[in-house]
$ cat input-v2.pdb   # PDB, C-alpha atoms and all ligand atoms
ATOM      1  CA  MET V1386      97.469 109.875 120.058
ATOM      2  CA  THR V1387      98.173 106.904 117.815
ATOM      3  CA  THR V1388      98.769 107.031 114.074
ATOM      4  CA  THR V1389      98.117 103.968 111.965
ATOM      5  CA  ARG V1390      99.178 103.640 108.363
ATOM      6  CA  ILE V1391      96.225 102.216 106.422
ATOM      7  CA  THR V1392      97.837 102.147 102.975
ATOM      8  CA  ASP V1393     100.832 103.967 101.427
ATOM      9  CA  GLU V1394      98.404 106.814 100.670
ATOM     10  CA  LEU V1395      96.298 107.000 103.850
ATOM     11  CA  SER V1396      96.814 107.300 107.585
ATOM     12  CA  LEU V1397      94.504 107.262 110.596
ATOM     13  CA  GLU V1398      95.164 109.109 113.830
ATOM     14  CA  ILE V1399      92.881 108.830 116.846
ATOM     15  CA  ARG V1400      92.637 112.099 118.800
ATOM     16  CA  GLY V1401      90.312 111.375 121.714
ATOM     17  CA  ALA V1402      86.845 110.816 120.219
ATOM     18  CA  VAL V1403      87.866 112.125 116.783
ATOM     19  CA  ALA V1404      89.450 110.060 114.001
ATOM     20  CA  LEU V1405      91.733 112.104 111.754
ATOM     21  CA  ILE V1406      92.058 110.500 108.335
ATOM     22  CA  ARG V1407      94.826 111.955 106.200
ATOM     23  CA  LEU V1408      95.518 111.529 102.474
ATOM     24  CA  THR V1409      99.311 111.143 102.425
ATOM     25  CA  ARG V1410     100.267 111.283  98.755
ATOM     26  CA  PRO V1411     101.389 114.898  98.391
ATOM     27  CA  ALA V1412     103.858 114.174  95.551
ATOM     28  CA  LYS V1413     100.842 113.230  93.406
ATOM     29  CA  ARG V1414      98.629 115.932  94.955
ATOM     30  CA  ASN V1415      96.722 113.194  96.819
ATOM     31  CA  ALA V1416      95.338 111.801  93.551
ATOM     32  CA  ILE V1417      93.106 108.863  94.429
ATOM     33  CA  ASN V1418      94.287 105.519  93.086
ATOM     34  CA  ASP V1419      92.497 102.198  93.701
ATOM     35  CA  SER V1420      94.534 101.504  96.823
ATOM     36  CA  LEU V1421      93.497 104.839  98.341
ATOM     37  CA  VAL V1422      89.817 104.466  97.524
ATOM     38  CA  LEU V1423      89.732 100.948  98.997
ATOM     39  CA  GLY V1424      91.628 102.208 102.047
ATOM     40  CA  LEU V1425      89.021 104.928 102.581
ATOM     41  CA  ARG V1426      86.240 102.355 102.472
ATOM     42  CA  ASP V1427      88.052 100.098 104.949
ATOM     43  CA  VAL V1428      88.788 102.930 107.373
ATOM     44  CA  PHE V1429      85.182 104.082 107.565
ATOM     45  CA  GLU V1430      83.832 100.538 107.797
ATOM     46  CA  ASN V1431      86.140  99.745 110.712
ATOM     47  CA  LEU V1432      86.183 102.806 112.973
ATOM     48  CA  GLY V1433      86.276 101.776 116.631
ATOM     49  CA  SER V1434      83.306 102.479 118.905
ATOM     50  CA  GLU V1435      85.364 105.103 120.787
ATOM     51  CA  VAL V1436      85.275 107.286 117.641
ATOM     52  CA  LYS V1437      82.335 109.717 117.610
ATOM     53  CA  ALA V1438      83.322 112.012 114.717
ATOM     54  CA  ALA V1439      85.914 112.096 111.938
ATOM     55  CA  VAL V1440      87.971 114.632 110.013
ATOM     56  CA  ILE V1441      89.538 114.139 106.558
ATOM     57  CA  GLU V1442      92.455 116.255 105.359
ATOM     58  CA  GLY V1443      95.120 116.120 102.673
ATOM     59  CA  GLU V1444      98.882 116.387 103.183
ATOM     60  CA  GLY V1445     100.861 118.986 101.200
ATOM     61  CA  ASP V1446      99.566 121.982  99.251
ATOM     62  CA  HIS V1447      96.313 120.421  98.025
ATOM     63  CA  PHE V1448      93.395 118.502  99.502
ATOM     64  CA  CYS V1449      93.015 116.197  96.502
ATOM     65  CA  ALA V1450      93.585 116.248  92.703
ATOM     66  CA  GLY V1451      90.837 113.658  92.087
ATOM     67  CA  LEU V1452      91.094 110.363  90.299
ATOM     68  CA  ASP V1453      94.612 109.106  89.626
ATOM     69  CA  LEU V1454      94.519 109.614  85.867
ATOM     70  CA  SER V1455      97.450 107.248  85.318
ATOM     71  CA  GLU V1456      95.162 104.311  86.197
ATOM     72  CA  LEU V1457      92.434 105.325  83.736
ATOM     73  CA  SER V1458      93.879 104.272  80.400
ATOM     74  CA  GLU V1459      93.784 100.491  80.874
ATOM     75  CA  ARG V1460      90.046 100.144  81.564
ATOM     76  CA  ASP V1461      87.291  99.116  79.126
ATOM     77  CA  ALA V1462      83.602 100.056  79.602
ATOM     78  CA  VAL V1463      82.789  97.177  81.965
ATOM     79  CA  GLY V1464      85.945  97.855  83.968
ATOM     80  CA  GLY V1465      84.931 101.520  84.127
ATOM     81  CA  MET V1466      81.509 100.682  85.535
ATOM     82  CA  HIS V1467      82.968  98.440  88.230
ATOM     83  CA  HIS V1468      85.552 101.092  89.050
ATOM     84  CA  SER V1469      82.840 103.709  89.467
ATOM     85  CA  ARG V1470      80.803 101.347  91.646
ATOM     86  CA  MET V1471      83.908 100.796  93.806
ATOM     87  CA  TRP V1472      84.110 104.561  94.377
ATOM     88  CA  HIS V1473      80.381 104.630  95.163
ATOM     89  CA  LYS V1474      80.818 101.994  97.874
ATOM     90  CA  ALA V1475      83.797 103.817  99.363
ATOM     91  CA  LEU V1476      82.155 107.245  99.410
ATOM     92  CA  ASP V1477      78.912 105.735 100.724
ATOM     93  CA  ALA V1478      81.041 104.352 103.564
ATOM     94  CA  VAL V1479      82.130 107.945 104.267
ATOM     95  CA  GLN V1480      78.669 109.521 104.011
ATOM     96  CA  PHE V1481      76.696 106.713 105.628
ATOM     97  CA  GLY V1482      79.339 105.435 108.038
ATOM     98  CA  PRO V1483      79.109 105.374 111.824
ATOM     99  CA  VAL V1484      80.005 109.025 112.521
ATOM    100  CA  PRO V1485      79.657 112.542 111.106
ATOM    101  CA  VAL V1486      82.636 113.533 108.941
ATOM    102  CA  VAL V1487      84.170 116.995 108.544
ATOM    103  CA  SER V1488      86.562 117.693 105.660
ATOM    104  CA  ALA V1489      89.368 120.238 106.031
ATOM    105  CA  LEU V1490      89.943 121.693 102.558
ATOM    106  CA  HIS V1491      92.822 123.637 101.046
ATOM    107  CA  GLY V1492      94.329 124.030  97.575
ATOM    108  CA  ALA V1493      92.817 121.846  94.870
ATOM    109  CA  VAL V1494      89.493 120.193  95.633
ATOM    110  CA  VAL V1495      88.947 118.937  92.133
ATOM    111  CA  GLY V1496      87.300 116.065  90.294
ATOM    112  CA  GLY V1497      87.164 113.048  92.573
ATOM    113  CA  GLY V1498      88.554 115.278  95.340
ATOM    114  CA  LEU V1499      85.361 117.309  95.194
ATOM    115  CA  GLU V1500      83.363 114.081  95.079
ATOM    116  CA  LEU V1501      85.111 112.962  98.273
ATOM    117  CA  ALA V1502      84.534 116.324  99.954
ATOM    118  CA  SER V1503      80.869 116.262  98.991
ATOM    119  CA  ALA V1504      80.453 112.871 100.689
ATOM    120  CA  THR V1505      81.454 114.488 103.993
ATOM    121  CA  HIS V1506      78.868 116.227 106.144
ATOM    122  CA  ILE V1507      80.657 119.509 106.805
ATOM    123  CA  ARG V1508      83.278 121.163 104.604
ATOM    124  CA  VAL V1509      85.692 123.693 106.103
ATOM    125  CA  ALA V1510      87.723 125.498 103.440
ATOM    126  CA  ASP V1511      90.699 127.780 103.881
ATOM    127  CA  GLU V1512      91.375 130.739 101.594
ATOM    128  CA  SER V1513      93.692 128.746  99.298
ATOM    129  CA  THR V1514      90.896 126.357  98.310
ATOM    130  CA  PHE V1515      89.611 126.062  94.751
ATOM    131  CA  TYR V1516      86.950 123.804  93.282
ATOM    132  CA  ALA V1517      86.716 122.385  89.759
ATOM    133  CA  LEU V1518      85.429 119.413  87.787
ATOM    134  CA  PRO V1519      88.117 118.972  85.086
ATOM    135  CA  GLU V1520      86.438 115.739  83.932
ATOM    136  CA  GLY V1521      84.668 117.828  81.292
ATOM    137  CA  SER V1522      87.919 118.896  79.612
ATOM    138  CA  ARG V1523      89.465 115.406  79.965
ATOM    139  CA  GLY V1524      86.672 113.853  77.903
ATOM    140  CA  ILE V1525      85.258 111.872  80.821
ATOM    141  CA  PHE V1526      82.397 112.158  83.328
ATOM    142  CA  VAL V1527      82.248 112.096  87.105
ATOM    143  CA  GLY V1528      82.162 108.565  88.504
ATOM    144  CA  GLY V1529      82.496 108.902  92.256
ATOM    145  CA  GLY V1530      78.984 110.058  93.066
ATOM    146  CA  GLY V1531      79.546 113.641  91.911
ATOM    147  CA  SER V1532      76.428 113.787  89.740
ATOM    148  CA  VAL V1533      74.330 112.897  92.792
ATOM    149  CA  ARG V1534      76.101 114.834  95.536
ATOM    150  CA  VAL V1535      77.485 117.983  93.897
ATOM    151  CA  PRO V1536      74.098 119.247  92.590
ATOM    152  CA  ARG V1537      72.724 118.809  96.113
ATOM    153  CA  LEU V1538      75.363 121.288  97.316
ATOM    154  CA  VAL V1539      75.440 123.869  94.532
ATOM    155  CA  GLY V1540      72.670 122.975  92.043
ATOM    156  CA  VAL V1541      72.596 121.287  88.649
ATOM    157  CA  ALA V1542      73.226 124.556  86.767
ATOM    158  CA  ARG V1543      76.559 125.268  88.500
ATOM    159  CA  MET V1544      77.806 121.715  88.021
ATOM    160  CA  THR V1545      76.823 121.769  84.343
ATOM    161  CA  ASP V1546      78.691 125.059  83.863
ATOM    162  CA  MET V1547      81.789 123.749  85.672
ATOM    163  CA  MET V1548      81.953 120.634  83.505
ATOM    164  CA  LEU V1549      81.105 122.297  80.194
ATOM    165  CA  THR V1550      83.402 125.307  80.585
ATOM    166  CA  GLY V1551      86.071 124.223  83.076
ATOM    167  CA  ARG V1552      85.016 127.001  85.459
ATOM    168  CA  VAL V1553      87.031 127.124  88.681
ATOM    169  CA  TYR V1554      85.532 128.523  91.893
ATOM    170  CA  ASN V1555      87.853 130.221  94.361
ATOM    171  CA  ALA V1556      87.384 129.864  98.115
ATOM    172  CA  GLN V1557      85.146 132.935  98.575
ATOM    173  CA  ASP V1558      82.885 132.259  95.599
ATOM    174  CA  GLY V1559      82.864 128.571  96.526
ATOM    175  CA  GLU V1560      81.595 129.277 100.004
ATOM    176  CA  ARG V1561      78.872 131.569  98.651
ATOM    177  CA  ALA V1562      77.865 128.906  96.120
ATOM    178  CA  GLY V1563      77.564 126.257  98.844
ATOM    179  CA  PHE V1564      80.647 124.065  98.382
ATOM    180  CA  ALA V1565      81.797 124.772 101.946
ATOM    181  CA  GLN V1566      79.862 125.751 105.064
ATOM    182  CA  TYR V1567      82.913 127.443 106.656
ATOM    183  CA  LEU V1568      85.656 129.652 105.213
ATOM    184  CA  VAL V1569      88.760 130.299 107.345
ATOM    185  CA  PRO V1570      92.150 131.992 106.837
ATOM    186  CA  ALA V1571      94.860 130.011 105.030
ATOM    187  CA  GLY V1572      96.289 127.190 107.116
ATOM    188  CA  GLN V1573      93.428 127.086 109.629
ATOM    189  CA  ALA V1574      91.060 124.543 108.075
ATOM    190  CA  LEU V1575      92.285 121.581 110.101
ATOM    191  CA  ALA V1576      92.069 123.423 113.434
ATOM    192  CA  LYS V1577      88.519 124.569 112.671
ATOM    193  CA  ALA V1578      87.512 121.105 111.435
ATOM    194  CA  MET V1579      88.873 119.503 114.628
ATOM    195  CA  GLU V1580      87.039 122.060 116.769
ATOM    196  CA  LEU V1581      83.770 121.257 114.996
ATOM    197  CA  ALA V1582      84.363 117.499 115.153
ATOM    198  CA  GLU V1583      85.022 117.661 118.895
ATOM    199  CA  LYS V1584      81.731 119.495 119.345
ATOM    200  CA  ILE V1585      79.863 117.011 117.140
ATOM    201  CA  ALA V1586      81.369 114.121 119.140
ATOM    202  CA  GLN V1587      79.491 115.375 122.197
ATOM    203  CA  ASN V1588      76.051 115.215 120.556
ATOM    204  CA  ALA V1589      73.641 112.436 121.419
ATOM    205  CA  PRO V1590      74.436 109.512 119.065
ATOM    206  CA  THR V1591      70.766 109.379 118.019
ATOM    207  CA  THR V1592      70.943 112.986 116.840
ATOM    208  CA  ASN V1593      74.120 112.329 114.843
ATOM    209  CA  PHE V1594      72.521 109.237 113.297
ATOM    210  CA  ALA V1595      69.368 111.179 112.389
ATOM    211  CA  LEU V1596      71.395 113.915 110.711
ATOM    212  CA  THR V1597      73.788 111.697 108.755
ATOM    213  CA  HIS V1598      71.533 108.769 107.823
ATOM    214  CA  VAL V1599      67.939 109.994 107.996
ATOM    215  CA  LEU V1600      67.992 113.659 106.901
ATOM    216  CA  PRO V1601      69.539 112.942 103.447
ATOM    217  CA  ARG V1602      66.935 110.198 102.883
ATOM    218  CA  ILE V1603      64.134 112.566 103.877
ATOM    219  CA  ALA V1604      65.503 115.141 101.423
ATOM    220  CA  ASP V1605      65.141 112.517  98.665
ATOM    221  CA  GLN V1606      61.569 111.562  99.637
ATOM    222  CA  THR V1607      58.291 113.132  98.615
ATOM    223  CA  ALA V1608      57.062 115.695 101.161
ATOM    224  CA  ASP V1609      54.370 113.321 102.420
ATOM    225  CA  HIS V1610      56.808 110.424 102.971
ATOM    226  CA  GLY V1611      59.425 112.806 104.360
ATOM    227  CA  LEU V1612      57.075 114.121 106.999
ATOM    228  CA  MET V1613      56.218 110.556 108.041
ATOM    229  CA  THR V1614      59.915 109.601 108.277
ATOM    230  CA  GLU V1615      60.532 112.786 110.274
ATOM    231  CA  ALA V1616      57.757 111.927 112.740
ATOM    232  CA  LEU V1617      59.191 108.448 113.287
ATOM    233  CA  MET V1618      62.737 109.752 113.780
ATOM    234  CA  ALA V1619      61.560 112.543 116.081
ATOM    235  CA  ALA V1620      59.714 110.029 118.265
ATOM    236  CA  ILE V1621      62.753 107.740 118.510
ATOM    237  CA  ALA V1622      65.119 110.624 119.293
ATOM    238  CA  GLN V1623      63.001 112.214 121.992
ATOM    239  CA  SER V1624      62.273 108.927 123.752
ATOM    240  CA  ALA V1625      65.978 108.196 124.317
ATOM    241  CA  PRO V1626      67.069 108.651 127.970
ATOM    242  CA  GLU V1627      69.908 110.935 126.844
ATOM    243  CA  ALA V1628      67.445 113.339 125.216
ATOM    244  CA  LYS V1629      65.324 113.454 128.346
ATOM    245  CA  GLU V1630      68.394 114.193 130.482
ATOM    246  CA  ARG V1631      69.587 116.966 128.121
ATOM    247  CA  VAL V1632      66.164 118.665 128.095
ATOM    248  CA  LYS V1633      65.912 118.366 131.894
ATOM    249  CA  ALA V1634      69.360 119.953 132.251
ATOM    250  CA  PHE V1635      68.206 122.948 130.223
ATOM    251  CA  LEU V1636      64.997 123.352 132.205
ATOM    252  CA  GLU V1637      67.018 123.251 135.442
ATOM    253  CA  GLY V1638      69.455 125.901 134.132
ATOM    254  CA  ARG V1639      72.380 123.456 133.809
ATOM    255  CA  ALA V1640      72.719 123.549 129.995
ATOM    256  CA  ASN V1641      73.971 126.135 127.515
ATOM    257  CA  LYS V1642      71.608 128.738 126.077
ATOM    258  CA  VAL V1643      71.553 129.629 122.407
ATOM    259  CA  ARG V1644      73.690 132.760 121.970
ATOM    260  CA  LYS V1645      74.698 134.621 118.845
ATOM    261  CA  ASP V1646      78.484 134.890 118.328
TER     262      ASP V1646
HETATM  263  C1  LIG M1701      98.361 113.501  89.140
HETATM  264  C2  LIG M1701      97.071 114.023  89.259
HETATM  265  C3  LIG M1701      95.980 113.167  88.952
HETATM  266  C4  LIG M1701      98.474 115.568  89.796
HETATM  267  N1  LIG M1701      96.269 111.911  88.546
HETATM  268  N2  LIG M1701      98.582 112.241  88.723
HETATM  269  N3  LIG M1701      91.956 115.466  88.101
HETATM  270  C5  LIG M1701      92.513 116.435  87.348
HETATM  271  O1  LIG M1701      92.320 116.507  86.137
HETATM  272  C6  LIG M1701      93.420 117.381  88.060
HETATM  273  C7  LIG M1701      94.823 117.181  87.599
HETATM  274  N4  LIG M1701      95.792 117.873  88.423
HETATM  275  C8  LIG M1701      96.016 119.231  88.317
HETATM  276  O2  LIG M1701      95.324 119.979  87.653
HETATM  277  C9  LIG M1701      97.208 119.736  89.095
HETATM  278  O3  LIG M1701      98.096 118.659  89.320
HETATM  279  C10 LIG M1701      96.834 120.386  90.469
HETATM  280  C11 LIG M1701      96.098 121.704  90.247
HETATM  281  C12 LIG M1701      95.979 119.469  91.338
HETATM  282  C13 LIG M1701      98.138 120.660  91.259
HETATM  283  O4  LIG M1701      99.044 121.398  90.453
HETATM  284  P1  LIG M1701     100.606 121.420  90.843
HETATM  285  O5  LIG M1701     101.274 122.353  89.875
HETATM  286  O6  LIG M1701     100.742 121.703  92.300
HETATM  287  O7  LIG M1701     101.131 119.909  90.647
HETATM  288  P2  LIG M1701     101.543 119.135  89.281
HETATM  289  O8  LIG M1701     102.932 119.492  88.896
HETATM  290  O9  LIG M1701     100.494 119.313  88.242
HETATM  291  O10 LIG M1701     101.457 117.614  89.747
HETATM  292  C14 LIG M1701     102.446 117.032  90.591
HETATM  293  C15 LIG M1701     102.477 115.552  90.281
HETATM  294  O11 LIG M1701     101.208 114.974  90.595
HETATM  295  C16 LIG M1701     102.695 115.285  88.793
HETATM  296  O12 LIG M1701     103.373 114.060  88.687
HETATM  297  P3  LIG M1701     104.982 114.023  88.432
HETATM  298  O13 LIG M1701     105.326 112.565  88.433
HETATM  299  O14 LIG M1701     105.204 114.715  87.104
HETATM  300  O15 LIG M1701     105.619 114.796  89.577
HETATM  301  C17 LIG M1701     101.283 115.088  88.266
HETATM  302  O16 LIG M1701     101.220 114.301  87.098
HETATM  303  C18 LIG M1701     100.652 114.346  89.448
HETATM  304  N5  LIG M1701      99.197 114.476  89.467
HETATM  305  N6  LIG M1701      97.156 115.299  89.687
HETATM  306  C19 LIG M1701      97.529 111.488  88.443
HETATM  307  N7  LIG M1701      94.718 113.558  89.073
HETATM  308  C20 LIG M1701      85.791 108.688  90.227
HETATM  309  S1  LIG M1701      85.876 109.546  88.825
HETATM  310  C21 LIG M1701      86.699 111.015  89.198
HETATM  311  C22 LIG M1701      87.196 111.636  87.925
HETATM  312  C23 LIG M1701      88.256 112.646  88.198
HETATM  313  O17 LIG M1701      88.615 112.941  89.286
HETATM  314  S2  LIG M1701      88.916 113.336  86.786
HETATM  315  C24 LIG M1701      89.805 114.699  87.394
HETATM  316  C25 LIG M1701      91.252 114.358  87.603
END
$ encode --input "input-v2.pdb" --output "structure tokens"
Amino acid sequence: MTTTRITDELSLEIRGAVALIRLTRPAKRNAINDSLVLGLRDVFENLGSEVKAAVIEGEGDHFCAGLDLSELSERDAVGGMHHSRMWHKALDAVQFGPVPVVSALHGAVVGGGLELASATHIRVADESTFYALPEGSRGIFVGGGGSVRVPRLVGVARMTDMMLTGRVYNAQDGERAGFAQYLVPAGQALAKAMELAEKIAQNAPTTNFALTHVLPRIADQTADHGLMTEALMAAIAQSAPEAKERVKAFLEGRANKVRKD
């Protein structure tokens, strides 16, 4: 296990085939300043080929308090647009990077913290988690991809309500609404996220690519175009030697069966 400090606010630990990326700014509730957002982009653009899956977590009592509001006041409109585009690049690097990403959530997952979580592919929340978009009450708007990604998780109506009224979702309601796919007891999000990431790391790389890069594009296409993209991806996936070997293993009784828990 090696831990590398990426910036003052971010560290990277390699645990076998899983990269564990940690927000390390607990005194400021892991609020995301420019250094942190650029660090996130750099980490995901430079993961080594030994890494097959990643986990993001936050140090301290909260996953992330969103944008560092202390950096907001100096920007004019043009500066604001470039700042938002910088977040877009960084969170695109998370969503469309080389590996599937699991976020381990606890405490506040708010504002830009929710935007970061929604750029990951699987969200595991513990019972202390809460979700909010306080941008509405601060007189601002989301700028880190939230208007694109959050409605895809929970719908436009819920996001509108959260921003207009300041509504906060607790962990249980948040899971039901679709913010997280997994809900675990307090303190267990990281362990569950690592378990899932280790499993994901064993998938065929073509499958992981199809799910992280192709599926979201298909979801944005018309049905007719989506079905064509699906056919192309299906043909590429099934023609890979690894797919043939995995199917053969099942037919010969050497692979796992599907079992309910
Ligand atoms: C911060 C930030 C921040 C905390 N920027 N400094 N996000 C928000 O509007 C959420 C603002 N934060 C909160 O509501 C609360 O801090 C929490 C619920 C997350 C945590 O509460 P608590 O009681 O544990 O901590 P605290 O005492 O409020 O904060 C501890 C310190 O962190 C304090 O600084 P200190 O120097 O007085 O110790 C806070 O000022 C600091 N801090 N959150 C800067 N966000 C790409 S666009 C995205 C747009 C957004 O994300 S807007 C939403 C911003």
$ atom_distance --input "input-v2.pdb" --atom1 "CA of Val1436 (chain V)" --atom2 "CA of Ala1565 (chain V)"
23.8 Å
$ atom_distance --input "input-v2.pdb" --atom1 "CA of Phe1564 (chain V)" --atom2 "CA of Val1494 (chain V)"
10.0 Å
$ closest_residue --input "input-v2.pdb" --among "V:Ala1504, V:Ser1420, V:Ser1455, V:Pro1485" --to "Leu1432 (chain V)" --atoms "all atoms listed in the file"
V:Pro1485
$ residues_near_ligand --input "input-v2.pdb" --ligand "ligand LIG 1701 (chain M)" --cutoff "8 Å" --atoms "only C-alpha atoms and all ligand atoms" --output "VMD selection string"
chain V and resid 1411 to 1417 1446 to 1447 1449 to 1456 1468 to 1469 1472 1492 to 1498 1500 1518 to 1520 1523 1525 to 1530
$ residues_around --input "input-v2.pdb" --residues "Asp1511 (chain V)" --least-positions-apart "6" --cutoff "8 Å" --atoms "all atoms listed in the file" --output "tab-separated table (two decimals) with C-alpha atoms, keeping the file's coordinate frame"
chain	number	residue	atom	x	y	z
V	1489	ALA	CA	89.37	120.24	106.03
V	1490	LEU	CA	89.94	121.69	102.56
V	1491	HIS	CA	92.82	123.64	101.05
V	1556	ALA	CA	87.38	129.86	98.12
V	1568	LEU	CA	85.66	129.65	105.21
V	1569	VAL	CA	88.76	130.30	107.34
V	1570	PRO	CA	92.15	131.99	106.84
V	1571	ALA	CA	94.86	130.01	105.03
V	1572	GLY	CA	96.29	127.19	107.12
V	1573	GLN	CA	93.43	127.09	109.63
V	1574	ALA	CA	91.06	124.54	108.08
$ residues_around --input "input-v2.pdb" --residues "Leu1549 (chain V)" --least-positions-apart "2" --cutoff "10 Å" --atoms "only C-alpha atoms" --output "number ranges by chain"
V: 1518-1522, 1543-1547, 1551-1552
$ residues_near_point --input "input-v2.pdb" --point "(82.7, 113.0, 106.0)" --cutoff "7 Å" --atoms "only C-alpha atoms" --output "ChimeraX atom specification"
/V:1439-1441,1479-1480,1485-1488,1504-1507
$ closest_residue --input "input-v2.pdb" --among "V:Thr1392, V:Gln1587, V:Thr1614, V:Thr1592" --to "Ile1406 (chain V)" --atoms "all atoms listed in the file"
V:Thr1392
$ atom_distance --input "input-v2.pdb" --atom1 "CA of Asp1558 (chain V)" --atom2 "CA of Leu1538 (chain V)"
13.4 Å
$ resolve_selection --input "input-v2.pdb" --expression "the PyMOL selection byres (((chain V and resi 1516) around 7) and not hetatm)" --output "ChimeraX atom specification"
/V:1493-1495,1499,1514-1515,1517,1553-1555
$ resolve_selection --input "input-v2.pdb" --expression "the PyMOL selection byres (((chain V and resi 1583) around 9) and not hetatm)" --output "PDB file with C-alpha atoms, keeping the file's coordinate frame"
ATOM      1  CA  GLY V1401      90.312 111.375 121.714  1.00  0.00           C
ATOM      2  CA  ALA V1402      86.845 110.816 120.219  1.00  0.00           C
ATOM      3  CA  VAL V1403      87.866 112.125 116.783  1.00  0.00           C
ATOM      4  CA  LYS V1437      82.335 109.717 117.610  1.00  0.00           C
ATOM      5  CA  ALA V1438      83.322 112.012 114.717  1.00  0.00           C
ATOM      6  CA  ALA V1439      85.914 112.096 111.938  1.00  0.00           C
ATOM      7  CA  ALA V1578      87.512 121.105 111.435  1.00  0.00           C
ATOM      8  CA  MET V1579      88.873 119.503 114.628  1.00  0.00           C
ATOM      9  CA  GLU V1580      87.039 122.060 116.769  1.00  0.00           C
ATOM     10  CA  LEU V1581      83.770 121.257 114.996  1.00  0.00           C
ATOM     11  CA  ALA V1582      84.363 117.499 115.153  1.00  0.00           C
ATOM     12  CA  LYS V1584      81.731 119.495 119.345  1.00  0.00           C
ATOM     13  CA  ILE V1585      79.863 117.011 117.140  1.00  0.00           C
ATOM     14  CA  ALA V1586      81.369 114.121 119.140  1.00  0.00           C
ATOM     15  CA  GLN V1587      79.491 115.375 122.197  1.00  0.00           C
TER      16      GLN V1587
END
$ closest_residue --input "input-v2.pdb" --among "V:Val1541, V:Leu1600, V:Ile1399, V:Ala1595" --to "Gln1623 (chain V)" --atoms "all atoms listed in the file"
V:Ala1595
